[in-house]
Structure formats: C-alpha cells, structure tokens
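Q: What follows is a single structure, and I will ask about it in a moment.
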Amino acid sequence: MQCFILFFLFHLLCPMCSFAYSHRNLFGRNQKLNISLERGQIDSIFCINYTDPWIEGDDKGTSRTIII
C-alpha cells in the first residue's frame with residue numbers, strides 16, 4: 001500500500017518523469033511484480049506486470065503472467 005501512495009504523490013508532483021518498482025521474489029515464491037509509470041506532456045503510461053512461475057496445485061508446471 002505504501003508503494004501506491006508514493007506512486008500517487010509522485011504522479012501529482014512530477015509533470016514529466018518516470019517511476020518504476022520491481023520485486024523479483026514476491027512472497028518468497030519467485031513471483032515477480034513490476035510497476036511502472038511514464039508521464040509526458042501529453043499522455044501517461046501505467047503498467048503492472050505480475051508473473052507466477054508455478055501455479056499452485058498444477059502438476060504440469062504451468063506458469064502465468066498478467067499484464068495490465
């Protein structure tokens with residue numbers, strides 16, 4: 001939650017800049033989380049990327065990636 005508050009304040013205070021946060025071992029399970037923001041004069045780009053290398057309960061070793 002602290003990251004999102006920081007991200008929101010950053011968005012308000014900086015008219016043209018970028019911000020990125022990355023965690024490569026989320027919850028100690030090798031899950032990856034990337035959050036980024038690029039803000040320009042005309043538009044902004046916000047991206048969230050989450051990867052789970054092993055879906056729990058799946059014996060076939062299936063992974064998933066969610067990008068918003």
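By convention here, the chains of the structure tokens are called A, B, ... in the order presented, each chain's residues are numbered starting at 1, and ligands are numbered starting at 1 in the order presented.
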So which residues touch A:Ser22 within 7 Å, counting only C-alpha atoms, skipping near sequence neighbours fewer than 2 positions away, as a list of chain:residue names?

A: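 With the cut-off at 7 Å, the set is A:Ala20, A:Arg24, A:Leu33, A:Asn34, A:Ile35.
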
Q: Store the residues picked out above, limited to N, CA and C atoms, as a PDB file, in the first residue's frame.

A:
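out-v3.pdb written:
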ATOM      1  N   ALA A  20       9.570   3.491 -11.545  1.00  0.00           N
ATOM      2  CA  ALA A  20       9.461   2.042 -11.700  1.00  0.00           C
ATOM      3  C   ALA A  20       9.753   1.361 -10.371  1.00  0.00           C
ATOM      4  N   ARG A  24      11.552  -9.063  -7.366  1.00  0.00           N
ATOM      5  CA  ARG A  24      11.848 -10.282  -8.108  1.00  0.00           C
ATOM      6  C   ARG A  24      11.581 -11.584  -7.338  1.00  0.00           C
ATOM      7  N   LEU A  33       6.932  -8.957  -9.664  1.00  0.00           N
ATOM      8  CA  LEU A  33       5.995  -7.847  -9.789  1.00  0.00           C
ATOM      9  C   LEU A  33       6.762  -6.631 -10.291  1.00  0.00           C
ATOM     10  N   ASN A  34       6.284  -6.021 -11.367  1.00  0.00           N
ATOM     11  CA  ASN A  34       6.853  -4.794 -11.910  1.00  0.00           C
ATOM     12  C   ASN A  34       5.743  -3.767 -12.055  1.00  0.00           C
ATOM     13  N   ILE A  35       5.997  -2.561 -11.565  1.00  0.00           N
ATOM     14  CA  ILE A  35       5.063  -1.447 -11.697  1.00  0.00           C
ATOM     15  C   ILE A  35       5.834  -0.280 -12.296  1.00  0.00           C
TER      16      ILE A  35
END

Q: Can you tell me, as a ChimeraX atom specification, what residues are no more than 9 Å from A:Tyr50 when counting only C-alpha atoms, ignoring any on the same chain fewer than 6 positions away?

A: /A:31-35,64-68

Q: Looking at A:Asp59, A:Ser18, A:Pro53, A:His23, which one is nearest to A:Ser36, with distances taken over only C-alpha atoms?

A: A:Ser18

Q: Run DSSP on the backbone and tell me which residues of stretch 10-39 of chain A come out as helix (DSSP H, G or I); list them as a ChimeraX atom specification.

A: /A:10-13

Q: Quick one: distance from atom CA of A:Asn30 to atom CA of A:Phe46 in Å, one decimal?

A: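 Straight-line distance from atom CA of A:Asn30 to atom CA of A:Phe46 works out to 23.3 Å.
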
Q: Using Å and a single decimal, report how far atom CA of A:Ile48 sits from atom CA of A:Gly61.

A: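 Pair atom CA of A:Gly61 / atom CA of A:Ile48 returns 23.4 Å.
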
Q: What does the structure give for the distance between atom CA of A:Arg39 and atom CA of A:Asp52, in Å to one decimal?

A: 28.0 Å

Q: Taking only C-alpha atoms into account, which of A:Ser63, A:Leu26, A:Phe19, A:Gly57 comes nearest A:Glu38?

A: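 For A:Glu38, the nearest of the given residues is A:Phe19.
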